[in-house]
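Just below is one structure, and these are the notes that go with it.
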Amino acid sequence: MDTSSILSTLLSASSIKGISKTTGTDTNTVTTILAQAVPALLTGANKQATNSKTAKSFAQALTEHAQDNTSNVGTFLKNVDLDDGAKIIKHLLGSSTTSTTKTISKAADTDTETTSSVLAAAAPLLMSLLGKSAGRNTSSDALGNLIGGLIKNVSVTDLLGGLLGSSSSSTSKKTTTKKTTSSTASSIAGSLIKNLLK
């Protein structure tokens, strides 16, 4: 699996619908939560992969998750282990888990329980996709390059634009609203990442 497939699979319609069904959350909320969370989760993953104290265990976790069958994303998410997902989130976000979840919840106009549930459902899929992309090359440098490359190509503005979709028939008012939402999202994501890098 190439790196471009990671985000396209994680943020695909099948993934969003699967997470929606698993968590009992509407697709719009799932969409907003994922767009807000992905940059922070990737930053957390990069931190795990490049830290000498966590790199080995993180690489092992990726190798294990790479064995998951994600050929049918809907089926995978239907049977996803939310407890395992919650543990992954805690590892990726560390001490900022609570504050990050609250920030994402505010942006998505939902409660922290819903956000936590959506993140827990998405986390195993993210780990599996990263593991498959890394293959056998799970050295700290290789994983750092893989995840670092993803981070450089991730923009919350682009994620929201892509996930929300655009139509040539959209009114200028709707377009303005999307731009404003995207601008706010970018600002929030920047704050989340800064907290993770402290």
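Within each chain, counting starts at residue 1; across the structure tokens, chains are named A, B, ... in the order shown, with ligands numbered 1 upward in that order.
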Fewer than 2 positions away in the same chain doesn't count, so skip those; otherwise give me all residues within 6 Å of Gly85 (chain A), counting only C-alpha atoms, as a PDB file with C-alpha atoms, in the first residue's frame.
ATOM      1  CA  LEU A  82     -13.060  -0.102  20.463  1.00  0.00           C
ATOM      2  CA  ASP A  83     -11.152  -0.883  23.664  1.00  0.00           C
ATOM      3  CA  LYS A  87      -5.619   2.414  24.039  1.00  0.00           C
ATOM      4  CA  ILE A  88      -4.083   3.386  20.692  1.00  0.00           C
ATOM      5  CA  ALA A 120     -11.337   4.624  19.004  1.00  0.00           C
ATOM      6  CA  ALA A 121     -13.022   3.174  15.925  1.00  0.00           C
ATOM      7  CA  ALA A 123      -7.400   4.225  15.356  1.00  0.00           C
ATOM      8  CA  PRO A 124      -7.033   0.493  14.579  1.00  0.00           C
TER       9      PRO A 124
END
Query - Contacts of region 25-32 of chain A at 7 Å (only C-alpha atoms; same-chain gap of 5+ positions) as a list in words - result: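 Once the adjacent positions are removed, what remains is Ile16, Lys17, Ser20, Ala108, Val118 and Leu163 of chain A.
Nearest residue to Gly24 (chain A) among A:Thr115, A:Gln36, A:Ser139, A:Thr103 is A:Thr115, counting only C-alpha atoms.
Coordinates place CA of Gly135 (chain A) at a distance of 28.1 Å from CA of Thr97 (chain A).
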**Report entry** Among the residues A:Val38, A:Gly44, A:Phe58, A:Ser117, the one that comes closest to Ile6 (chain A) [using only C-alpha atoms]
**Finding:**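 Of A:Val38, A:Gly44, A:Phe58, A:Ser117, the one nearest Ile6 (chain A) is A:Val38, counting only C-alpha atoms.
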Query raised in the report: Per DSSP on the backbone, what are the helix (DSSP H, G or I) residues of region 60-172 of chain A, as JSON, numbers by chain?
Result: {"A": [60, 61, 62, 63, 64, 65, 73, 74, 75, 76, 77, 78, 82, 83, 84, 85, 86, 87, 88, 89, 90, 91, 92, 93, 94, 95, 96, 97, 98, 99, 100, 101, 102, 103, 104, 105, 106, 107, 108, 112, 113, 114, 115, 116, 117, 118, 119, 120, 121, 122, 123, 124, 125, 126, 127, 128, 129, 130, 131, 132, 133, 134, 140, 141, 142, 143, 144, 145, 146, 147, 148, 149, 150, 151, 152, 156, 157, 158, 159, 160, 161, 162, 163, 164, 172]}
Query raised in the report: For Thr54 (chain A), which residue among A:Gly74, A:Gly148, A:Gly94, A:Gly18 is the nearest when counting only C-alpha atoms?
Result: A:Gly94
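A straight line drawn from CA of Ser128 (chain A) to CA of Thr110 (chain A) is 27.0 Å long.
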Query raised in the report: Between A:Leu130, A:Leu34, A:Leu93, A:Ala61, which has the minimum distance to Gly144 (chain A) (counting only C-alpha atoms)?
Result: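 Answer, going by the shortest atom-to-atom distance: A:Leu130.
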Report task. May I ask which of the residues A:Asn145, A:Ser96, A:Thr70, A:Ser116 is the closest one to Ser15 (chain A), counting only C-alpha atoms? Result -> A:Thr70
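Between CA of Lys90 (chain A) and CA of Ser71 (chain A) lies a distance of 26.3 Å.
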Query raised in the report: Nearest to Leu146 (chain A): which of A:Thr63, A:Asn69, A:Ser52, A:Ala45 is it, counting only C-alpha atoms?
Result: A:Ala45
